[in-house]
>>> print(open('target36.txt').read())   # compact mmCIF, C-alpha atoms
# COMPACT_ATOMS: atom_id res chain seq x y z
CA MET O 44 -10.21 15.57 3.93
CA PRO O 45 -12.24 12.93 2.02
CA ALA O 46 -13.32 9.77 3.77
CA PRO O 47 -10.84 6.90 3.34
CA ALA O 48 -11.69 4.63 0.44
CA LEU O 49 -9.43 1.72 1.36
CA ARG O 50 -11.43 -1.45 1.87
CA GLY O 51 -11.36 -5.12 1.02
CA VAL O 52 -8.39 -7.29 0.14
CA ILE O 53 -5.13 -5.45 0.75
CA ALA O 54 -1.77 -7.17 0.28
CA ALA O 55 1.08 -6.20 2.57
CA ILE O 56 3.28 -6.17 -0.50
CA ALA O 57 6.83 -7.49 -0.40
CA THR O 58 9.66 -5.19 -1.48
CA PRO O 59 12.06 -6.82 -3.97
CA VAL O 60 15.73 -6.26 -3.19
CA GLY O 61 18.67 -6.01 -5.59
CA THR O 62 22.02 -7.71 -5.21
CA ASP O 63 23.35 -4.37 -3.92
CA GLY O 64 20.83 -4.26 -1.06
CA GLU O 65 18.89 -1.43 -2.65
CA PRO O 66 15.14 -1.70 -3.31
CA ASP O 67 14.60 -3.20 -6.76
CA LEU O 68 12.21 -0.53 -8.01
CA ALA O 69 11.43 -2.14 -11.37
CA ARG O 70 10.42 -5.41 -9.76
CA ALA O 71 8.58 -3.58 -6.97
CA THR O 72 6.33 -1.66 -9.33
CA LYS O 73 5.80 -4.72 -11.56
CA LEU O 74 4.66 -6.76 -8.54
CA ALA O 75 2.36 -3.97 -7.38
CA ARG O 76 0.67 -3.77 -10.75
CA TYR O 77 0.28 -7.56 -10.88
CA LEU O 78 -1.39 -7.68 -7.46
CA LEU O 79 -3.76 -4.83 -8.25
CA ASP O 80 -4.71 -6.57 -11.49
CA ASN O 81 -5.20 -9.96 -9.82
CA GLY O 82 -7.47 -9.56 -6.83
CA CYS O 83 -6.15 -6.83 -4.58
CA ASP O 84 -8.39 -3.88 -3.83
CA GLY O 85 -5.37 -2.07 -2.44
CA LEU O 86 -1.81 -2.41 -1.19
CA ASN O 87 0.03 -1.76 2.04
CA VAL O 88 3.44 -0.58 0.84
CA LEU O 89 6.50 -0.73 3.11
CA GLY O 90 4.96 -2.57 6.00
CA THR O 91 6.49 -5.48 7.89
CA THR O 92 6.30 -7.77 4.85
CA GLY O 93 7.83 -4.92 2.86
CA GLU O 94 10.82 -4.88 5.28
CA ALA O 95 10.33 -1.16 5.84
CA THR O 96 12.39 -0.88 9.01
CA SER O 97 15.35 -2.56 7.27
CA PHE O 98 15.50 0.24 4.69
CA SER O 99 16.88 3.73 5.25
CA LEU O 100 14.69 6.80 5.10
CA ALA O 101 16.01 7.65 1.61
CA GLN O 102 15.39 4.09 0.39
CA ARG O 103 11.83 4.15 1.69
CA GLN O 104 11.22 7.48 -0.04
CA SER O 105 12.64 6.05 -3.27
CA VAL O 106 10.15 3.17 -3.17
CA MET O 107 7.25 5.59 -2.65
CA SER O 108 8.44 7.79 -5.49
CA ALA O 109 8.85 4.81 -7.81
CA TYR O 110 5.23 3.81 -7.26
CA ALA O 111 4.15 7.34 -8.17
CA GLN O 112 6.44 7.57 -11.20
CA ALA O 113 5.10 4.24 -12.48
CA GLY O 114 1.61 5.72 -12.56
CA LEU O 115 0.25 3.24 -10.03
CA PRO O 116 -3.04 4.22 -8.33
CA LEU O 117 -1.77 5.63 -5.05
CA ASP O 118 -5.36 6.24 -3.95
CA ARG O 119 -5.55 2.48 -3.47
CA MET O 120 -2.48 2.30 -1.22
CA MET O 121 -1.42 3.02 2.32
CA VAL O 122 2.29 3.26 3.04
CA GLY O 123 4.22 2.57 6.23
CA THR O 124 5.73 5.78 7.59
CA GLY O 125 6.36 4.93 11.24
CA ALA O 126 9.91 5.21 12.57
CA ALA O 127 11.78 5.23 15.85
CA ALA O 128 12.84 8.86 15.22
CA VAL O 129 9.91 11.24 15.01
CA ALA O 130 11.76 13.40 12.47
CA ASP O 131 12.06 10.38 10.16
CA ALA O 132 8.37 9.59 10.62
CA VAL O 133 7.53 13.20 9.76
CA ALA O 134 9.69 13.14 6.62
CA LEU O 135 8.19 9.85 5.45
CA THR O 136 4.61 10.91 6.17
CA ARG O 137 5.08 14.25 4.40
CA HIS O 138 6.54 12.45 1.40
CA ALA O 139 3.59 10.06 1.30
CA ALA O 140 1.16 12.97 1.53
CA ALA O 141 2.90 14.95 -1.21
CA LEU O 142 2.82 11.96 -3.57
CA GLY O 143 -0.87 11.31 -2.94
CA PHE O 144 -0.95 8.02 -1.06
CA ALA O 145 -4.36 7.22 0.42
CA GLY O 146 -3.00 6.78 3.91
CA ALA O 147 0.03 6.60 6.18
CA LEU O 148 0.35 3.45 8.31
CA VAL O 149 2.13 4.40 11.52
CA LEU O 150 3.99 2.10 13.89
CA PRO O 151 4.64 3.51 17.35
CA PRO O 152 8.25 4.66 17.92
CA PHE O 153 9.46 1.23 18.90
CA TYR O 154 12.80 1.48 20.70
CA TYR O 155 11.76 2.72 24.14
CA LYS O 156 9.36 0.30 25.81
CA GLY O 157 6.80 1.07 28.50
CA VAL O 158 6.45 4.71 27.49
CA PRO O 159 3.34 6.59 28.71
CA ASP O 160 0.33 7.30 26.56
CA ASP O 161 1.26 10.99 26.66
CA GLY O 162 4.45 10.22 24.74
CA LEU O 163 2.66 8.17 22.09
CA ALA O 164 -0.03 10.83 21.74
CA ALA O 165 2.69 13.47 21.30
CA TYR O 166 4.28 11.35 18.55
CA ILE O 167 0.99 11.17 16.63
CA GLY O 168 0.34 14.84 17.35
CA THR O 169 3.66 15.75 15.75
CA LEU O 170 2.73 13.83 12.60
CA VAL O 171 -0.73 15.40 12.47
CA GLU O 172 0.65 18.91 12.86
CA ALA O 173 3.47 18.34 10.35
CA THR O 174 1.00 17.22 7.67
CA ALA O 175 -1.77 19.73 8.37
CA ALA O 176 -1.28 21.38 4.97
CA GLN O 177 -1.68 17.99 3.24
CA PRO O 178 -3.79 16.02 5.71
CA ILE O 179 -3.07 12.44 4.73
CA PRO O 180 -5.29 9.95 6.59
CA ILE O 181 -3.42 8.17 9.38
CA TYR O 182 -3.81 4.46 10.14
CA LEU O 183 -2.36 3.09 13.37
CA TYR O 184 -0.25 -0.06 13.06
CA HIS O 185 -0.80 -2.38 16.02
CA PHE O 186 1.88 -5.06 16.14
CA PRO O 187 3.03 -5.26 19.77
CA ALA O 188 4.94 -8.52 19.27
CA GLN O 189 7.33 -6.59 17.03
CA SER O 190 7.09 -2.98 18.22
CA GLY O 191 6.74 -3.71 21.93
CA LEU O 192 4.15 -0.92 22.15
CA PRO O 193 0.40 -1.39 21.73
CA TRP O 194 -2.16 1.03 20.43
CA HIS O 195 -4.47 -0.11 23.22
CA PRO O 196 -8.20 0.72 23.05
CA LYS O 197 -8.10 3.53 25.62
CA LEU O 198 -5.28 5.23 23.70
CA VAL O 199 -7.08 4.73 20.38
CA ARG O 200 -10.15 6.49 21.83
CA ARG O 201 -7.96 9.32 23.07
CA LEU O 202 -6.34 9.77 19.66
CA LEU O 203 -9.71 9.78 17.93
CA GLU O 204 -11.07 12.36 20.35
CA THR O 205 -7.98 14.55 20.05
CA PHE O 206 -7.22 14.35 16.34
CA ARG O 207 -10.70 13.47 15.07
CA THR O 208 -10.89 12.78 11.34
CA ARG O 209 -7.10 12.55 10.87
CA ILE O 210 -7.04 9.11 12.53
CA VAL O 211 -9.09 6.88 10.25
CA GLY O 212 -8.22 3.28 10.97
CA LEU O 213 -5.90 0.59 12.27
CA LYS O 214 -4.08 -2.48 11.00
CA ASP O 215 -4.11 -5.18 13.66
CA SER O 216 -1.27 -7.67 13.40
CA SER O 217 -1.64 -8.90 16.99
CA GLY O 218 -3.74 -11.94 16.07
CA ASP O 219 -6.02 -11.06 18.98
CA MET O 220 -9.49 -11.01 17.47
CA ALA O 221 -11.06 -9.78 20.71
CA TYR O 222 -8.83 -6.71 20.47
CA ALA O 223 -9.69 -6.22 16.78
CA ARG O 224 -13.40 -6.36 17.52
CA GLU O 225 -13.06 -3.98 20.48
CA VAL O 226 -11.26 -1.27 18.53
CA ALA O 227 -13.55 -1.74 15.51
CA ALA O 228 -16.50 -1.06 17.81
CA ILE O 229 -15.11 2.31 18.93
CA SER O 230 -16.58 4.10 15.92
CA PRO O 231 -18.20 3.08 12.63
CA ALA O 232 -15.88 5.62 11.00
CA PHE O 233 -12.79 3.82 12.32
CA HIS O 234 -11.63 1.25 9.75
CA VAL O 235 -9.97 -1.83 11.23
CA PHE O 236 -8.07 -4.35 9.11
CA PRO O 237 -6.98 -7.61 10.76
CA SER O 238 -3.83 -9.11 9.27
CA THR O 239 -5.39 -12.38 8.17
CA GLU O 240 -7.63 -13.19 5.23
CA ALA O 241 -9.45 -15.69 7.46
CA VAL O 242 -11.71 -12.82 8.61
CA LEU O 243 -12.95 -11.87 5.14
CA ILE O 244 -16.41 -13.40 5.40
CA GLU O 245 -16.89 -11.72 8.79
CA ALA O 246 -15.50 -8.49 7.36
CA ARG O 247 -17.87 -8.73 4.43
CA GLY O 248 -20.71 -8.60 6.96
CA GLY O 249 -19.43 -5.27 8.24
CA ALA O 250 -17.29 -6.27 11.22
CA PHE O 251 -14.08 -4.99 9.61
CA ALA O 252 -13.02 -2.94 6.60
CA GLY O 253 -11.29 -5.97 5.06
CA CYS O 254 -7.87 -7.48 5.71
CA ILE O 255 -4.24 -6.50 5.21
CA SER O 256 -2.38 -9.75 4.72
CA ALA O 257 1.17 -10.80 3.87
CA THR O 258 -0.10 -13.92 2.15
CA ALA O 259 -2.37 -11.88 -0.12
CA ASN O 260 0.83 -11.54 -2.16
CA LEU O 261 0.13 -15.20 -3.03
CA ASN O 262 -3.63 -15.79 -2.91
CA ALA O 263 -5.30 -12.45 -3.69
CA ASP O 264 -7.55 -13.91 -6.37
CA LEU O 265 -8.99 -16.37 -3.87
CA CYS O 266 -9.30 -13.67 -1.21
CA GLN O 267 -11.19 -11.46 -3.65
CA ARG O 268 -13.69 -14.22 -4.36
CA ALA O 269 -14.32 -14.49 -0.63
CA TRP O 270 -14.64 -10.72 -0.19
CA SER O 271 -16.75 -9.85 -3.20
CA GLN O 272 -18.79 -13.06 -3.58
CA GLY O 273 -18.81 -14.65 -0.14
CA ASP O 274 -17.10 -17.71 -1.65
CA VAL O 275 -16.28 -19.90 1.35
CA ALA O 276 -14.49 -22.56 -0.72
CA ALA O 277 -12.15 -19.92 -2.16
CA LEU O 278 -11.47 -18.60 1.33
CA ASP O 279 -10.68 -22.11 2.55
CA SER O 280 -8.09 -22.44 -0.22
CA ALA O 281 -6.65 -19.02 0.60
CA VAL O 282 -6.33 -19.94 4.27
CA THR O 283 -4.73 -23.27 3.33
CA ILE O 284 -2.02 -21.29 1.53
CA ARG O 285 -1.61 -18.99 4.53
CA LYS O 286 -1.21 -21.93 6.90
CA LEU O 287 1.76 -23.21 4.90
CA PHE O 288 3.80 -20.65 6.83
CA ASP O 289 2.74 -21.75 10.32
CA GLY O 290 5.94 -22.24 12.28
CA ARG O 291 8.05 -20.84 9.46
CA PRO O 292 9.55 -17.35 8.96
CA LEU O 293 6.79 -15.47 7.16
CA VAL O 294 8.56 -12.72 5.21
CA PRO O 295 11.32 -14.89 3.71
CA GLY O 296 8.67 -17.52 3.02
CA VAL O 297 6.36 -15.16 1.19
CA LYS O 298 9.26 -13.90 -0.90
CA ALA O 299 10.44 -17.45 -1.68
CA LEU O 300 6.96 -18.40 -2.85
CA LEU O 301 6.69 -15.21 -4.91
CA ALA O 302 9.91 -16.29 -6.63
CA HIS O 303 8.27 -19.64 -7.45
CA ILE O 304 4.99 -18.13 -8.65
CA HIS O 305 6.64 -15.52 -10.86
CA ARG O 306 9.58 -17.71 -11.87
CA ASP O 307 12.00 -15.05 -10.76
CA ALA O 308 14.59 -16.10 -8.18
CA ALA O 309 15.45 -12.46 -7.44
CA LEU O 310 12.12 -12.02 -5.67
CA ALA O 311 13.33 -14.30 -2.85
CA ARG O 312 16.07 -11.88 -1.67
CA VAL O 313 15.68 -10.43 1.83
CA LEU O 314 17.65 -7.85 3.77
CA PRO O 315 19.52 -8.56 7.01
CA PRO O 316 18.60 -9.39 9.71
CA LEU O 317 16.20 -11.67 7.82
CA ALA O 318 17.72 -14.73 6.21
CA ALA O 319 16.74 -16.67 3.12
CA PHE O 320 14.09 -19.36 3.45
CA SER O 321 15.68 -22.77 3.98
CA PRO O 322 15.66 -25.26 1.08
CA ALA O 323 13.58 -27.70 3.13
CA ASP O 324 10.96 -25.08 4.00
CA ASN O 325 10.96 -23.84 0.43
CA ALA O 326 10.30 -27.33 -0.95
CA ALA O 327 7.48 -27.94 1.52
CA VAL O 328 5.78 -24.60 0.89
CA VAL O 329 6.07 -24.83 -2.88
CA ALA O 330 4.60 -28.33 -2.85
CA GLY O 331 1.77 -27.23 -0.58
CA TYR O 332 1.03 -24.19 -2.69
CA ASP O 333 0.99 -26.13 -5.95
CA GLN O 334 -1.31 -28.71 -4.38
CA ALA O 335 -3.69 -26.01 -3.12
CA ARG O 336 -3.78 -24.41 -6.55
CA ALA O 337 -4.37 -27.74 -8.29
CA LYS O 338 -7.36 -28.46 -6.07
CA ARG O 339 -10.59 -27.44 -7.78
CA VAL O 340 -12.31 -24.50 -6.12
CA ALA O 341 -16.09 -24.63 -6.61
>>> encode(input="target36.txt", output="structure tokens")
Amino acid sequence: MPAPALRGVIAAIATPVGTDGEPDLARATKLARYLLDNGCDGLNVLGTTGEATSFSLAQRQSVMSAYAQAGLPLDRMMVGTGAAAVADAVALTRHAAALGFAGALVLPPFYYKGVPDDGLAAYIGTLVEATAAQPIPIYLYHFPAQSGLPWHPKLVRRLLETFRTRIVGLKDSSGDMAYAREVAAISPAFHVFPSTEAVLIEARGGAFAGCISATANLNADLCQRAWSQGDVAALDSAVTIRKLFDGRPLVPGVKALLAHIHRDAALARVLPPLAAFSPADNAAVVAGYDQARAKRVA
């Protein structure tokens, strides 16, 4: 299996939704192409920002297939394949492997809390065995605030020792930079992506493989200037945009601001249990974004 090539600025891309609650595949692929053409080194498809767990298995597979059928560069994308049911996770991971995605991003099976490491290792082992014929790289998705289950450092070491080159990296959405640095230090071959663009200058120095950020849907050009050129002023502007969502629901907010940027109200739709961004929050975020964009970046 070739070494993973995913690095740099990766947007946790939003998934547009139709009025019928189905993924809007035309808008999804259009947005993906836009982001790849405007600063993103790669994409994280069907993650938290992509509302993956609100879609059915068949819907998630349809999104993956649409990306492939659109001729998008799947070698620049990881796709979320974790699920509460191991059979669903297997089906999703096999589908991602067959299509040629660069990696599978795997949440722990999130319903049962407090499960032993043996159970989590068995879950990953099932995915590894099921994809042995098409050994897609596996990235662990660490988001304990949502999943209730951590990929803690001792377990990460165990998985790396057991499954070796199949486990290639981790997305850390915990916000705990001490944790991110600890797991990044486990092996130089283990690629860790914090979930904020604020780390990009540090990542550029080799601490991390880059970032996987929800707000890179909105500021990828600025993030890319920070990553590729070390442009601190651009990063400050990118982080200013990110901070617009402090204390506000992130996924509806990102989608509302995408609707503003692309002048397409349909991009603001979310699936239950998420709810639309409030008019007051929308006005504040749009004003803040337009102000950040109007400010000259040296």
>>> residues_around(input="target36.txt", residues="range 256-262 of chain O", least_positions_apart="2", cutoff="10 Å", atoms="only C-alpha atoms", output="number ranges by chain")
O: 52-57, 74-75, 77-78, 81-83, 86-87, 90-93, 214, 216, 236-241, 253-254, 264-267, 277-278, 280-288, 293-294, 296-298, 300-301, 304, 332, 336
>>> atom_distance(input="target36.txt", atom1="CA of Thr205 in chain O", atom2="CA of Ile181 in chain O")
13.2 Å
>>> residues_around(input="target36.txt", residues="Ser108 in chain O", least_positions_apart="2", cutoff="12 Å", atoms="only C-alpha atoms", output="PyMOL selection string")
chain O and resi 66+68-69+71-72+88+101-106+110-115+117+122+135+138-144
>>> write_last_selection(input="target36.txt", atoms="C-alpha atoms", output="compact mmCIF listing (two decimals), in the frame of the given file")
# COMPACT_ATOMS: atom_id res chain seq x y z
CA PRO O 66 15.14 -1.70 -3.31
CA LEU O 68 12.21 -0.53 -8.01
CA ALA O 69 11.43 -2.14 -11.37
CA ALA O 71 8.58 -3.58 -6.97
CA THR O 72 6.33 -1.66 -9.33
CA VAL O 88 3.44 -0.58 0.84
CA ALA O 101 16.01 7.65 1.61
CA GLN O 102 15.39 4.09 0.39
CA ARG O 103 11.83 4.15 1.69
CA GLN O 104 11.22 7.48 -0.04
CA SER O 105 12.64 6.05 -3.27
CA VAL O 106 10.15 3.17 -3.17
CA TYR O 110 5.23 3.81 -7.26
CA ALA O 111 4.15 7.34 -8.17
CA GLN O 112 6.44 7.57 -11.20
CA ALA O 113 5.10 4.24 -12.48
CA GLY O 114 1.61 5.72 -12.56
CA LEU O 115 0.25 3.24 -10.03
CA LEU O 117 -1.77 5.63 -5.05
CA VAL O 122 2.29 3.26 3.04
CA LEU O 135 8.19 9.85 5.45
CA HIS O 138 6.54 12.45 1.40
CA ALA O 139 3.59 10.06 1.30
CA ALA O 140 1.16 12.97 1.53
CA ALA O 141 2.90 14.95 -1.21
CA LEU O 142 2.82 11.96 -3.57
CA GLY O 143 -0.87 11.31 -2.94
CA PHE O 144 -0.95 8.02 -1.06
>>> residues_around(input="target36.txt", residues="Leu310 in chain O", least_positions_apart="2", cutoff="6 Å", atoms="all atoms listed in the file", output="PyMOL selection string")
chain O and resi 59+298+302+307-308+312
>>> closest_residue(input="target36.txt", among="O:Asp63, O:Asp131, O:Asp84, O:Gly290", to="Arg268 in chain O", atoms="all atoms listed in the file")
O:Asp84
>>> atom_distance(input="target36.txt", atom1="CA of Thr136 in chain O", atom2="CA of Arg201 in chain O")
21.1 Å
>>> atom_distance(input="target36.txt", atom1="CA of Tyr184 in chain O", atom2="CA of Phe320 in chain O")
25.9 Å
>>> closest_residue(input="target36.txt", among="O:Pro180, O:Gly249, O:Pro187, O:Pro295", to="Asp219 in chain O", atoms="only C-alpha atoms")
O:Pro187
>>> closest_residue(input="target36.txt", among="O:Asp118, O:Asp215, O:Glu94, O:Asp80", to="Ala147 in chain O", atoms="only C-alpha atoms")
O:Asp118
>>> closest_residue(input="target36.txt", among="O:Lys338, O:His303, O:Arg119, O:Arg207", to="Arg50 in chain O", atoms="all atoms listed in the file")
O:Arg119
>>> closest_residue(input="target36.txt", among="O:Pro159, O:Pro231, O:Pro116, O:Gly273", to="Leu198 in chain O", atoms="only C-alpha atoms")
O:Pro159
>>> closest_residue(input="target36.txt", among="O:Val60, O:Ala134, O:Ala299, O:Ala263", to="Val328 in chain O", atoms="all atoms listed in the file")
O:Ala299
>>> build_atoms(input="target36.txt", residues="range 173-188 of chain O", atoms="N, CA, C and O atoms", output="mmCIF file, in the frame of the given file")
data_model
loop_
_atom_site.group_PDB
_atom_site.id
_atom_site.type_symbol
_atom_site.label_atom_id
_atom_site.label_comp_id
_atom_site.auth_asym_id
_atom_site.auth_seq_id
_atom_site.Cartn_x
_atom_site.Cartn_y
_atom_site.Cartn_z
ATOM 1 N N ALA O 173 2.510 18.193 11.451
ATOM 2 C CA ALA O 173 3.470 18.340 10.350
ATOM 3 C C ALA O 173 2.820 18.149 8.990
ATOM 4 O O ALA O 173 3.366 18.605 7.980
ATOM 5 N N THR O 174 1.680 17.480 8.941
ATOM 6 C CA THR O 174 1.000 17.220 7.670
ATOM 7 C C THR O 174 -0.331 17.966 7.578
ATOM 8 O O THR O 174 -1.180 17.610 6.754
ATOM 9 N N ALA O 175 -0.494 18.998 8.367
ATOM 10 C CA ALA O 175 -1.770 19.730 8.370
ATOM 11 C C ALA O 175 -2.080 20.334 7.004
ATOM 12 O O ALA O 175 -3.243 20.410 6.599
ATOM 13 N N ALA O 176 -1.050 20.762 6.280
ATOM 14 C CA ALA O 176 -1.280 21.380 4.970
ATOM 15 C C ALA O 176 -1.706 20.352 3.930
ATOM 16 O O ALA O 176 -2.394 20.683 2.954
ATOM 17 N N GLN O 177 -1.279 19.107 4.106
ATOM 18 C CA GLN O 177 -1.680 17.990 3.240
ATOM 19 C C GLN O 177 -2.115 16.852 4.154
ATOM 20 O O GLN O 177 -1.340 15.944 4.459
ATOM 21 N N PRO O 178 -3.357 16.898 4.616
ATOM 22 C CA PRO O 178 -3.790 16.020 5.710
ATOM 23 C C PRO O 178 -4.042 14.583 5.285
ATOM 24 O O PRO O 178 -5.175 14.127 5.151
ATOM 25 N N ILE O 179 -2.976 13.851 5.092
ATOM 26 C CA ILE O 179 -3.070 12.440 4.730
ATOM 27 C C ILE O 179 -3.742 11.673 5.861
ATOM 28 O O ILE O 179 -3.429 11.881 7.036
ATOM 29 N N PRO O 180 -4.688 10.781 5.548
ATOM 30 C CA PRO O 180 -5.290 9.950 6.590
ATOM 31 C C PRO O 180 -4.232 9.088 7.281
ATOM 32 O O PRO O 180 -3.318 8.562 6.630
ATOM 33 N N ILE O 181 -4.373 8.933 8.583
ATOM 34 C CA ILE O 181 -3.420 8.170 9.380
ATOM 35 C C ILE O 181 -4.079 6.892 9.884
ATOM 36 O O ILE O 181 -5.154 6.927 10.483
ATOM 37 N N TYR O 182 -3.417 5.766 9.615
ATOM 38 C CA TYR O 182 -3.810 4.460 10.140
ATOM 39 C C TYR O 182 -2.787 4.052 11.192
ATOM 40 O O TYR O 182 -1.579 4.145 10.959
ATOM 41 N N LEU O 183 -3.247 3.588 12.327
ATOM 42 C CA LEU O 183 -2.360 3.090 13.370
ATOM 43 C C LEU O 183 -1.981 1.644 13.048
ATOM 44 O O LEU O 183 -2.811 0.864 12.578
ATOM 45 N N TYR O 184 -0.738 1.291 13.322
ATOM 46 C CA TYR O 184 -0.250 -0.060 13.060
ATOM 47 C C TYR O 184 0.005 -0.731 14.399
ATOM 48 O O TYR O 184 0.958 -0.397 15.107
ATOM 49 N N HIS O 185 -0.860 -1.683 14.737
ATOM 50 C CA HIS O 185 -0.800 -2.380 16.020
ATOM 51 C C HIS O 185 -0.126 -3.727 15.844
ATOM 52 O O HIS O 185 -0.722 -4.661 15.300
ATOM 53 N N PHE O 186 1.110 -3.815 16.261
ATOM 54 C CA PHE O 186 1.880 -5.060 16.140
ATOM 55 C C PHE O 186 2.803 -5.162 17.353
ATOM 56 O O PHE O 186 4.024 -5.112 17.247
ATOM 57 N N PRO O 187 2.212 -5.323 18.552
ATOM 58 C CA PRO O 187 3.030 -5.260 19.770
ATOM 59 C C PRO O 187 4.089 -6.332 19.872
ATOM 60 O O PRO O 187 5.111 -6.124 20.536
ATOM 61 N N ALA O 188 3.908 -7.478 19.221
ATOM 62 C CA ALA O 188 4.940 -8.520 19.270
ATOM 63 C C ALA O 188 6.235 -8.042 18.644
ATOM 64 O O ALA O 188 7.323 -8.489 19.020
#
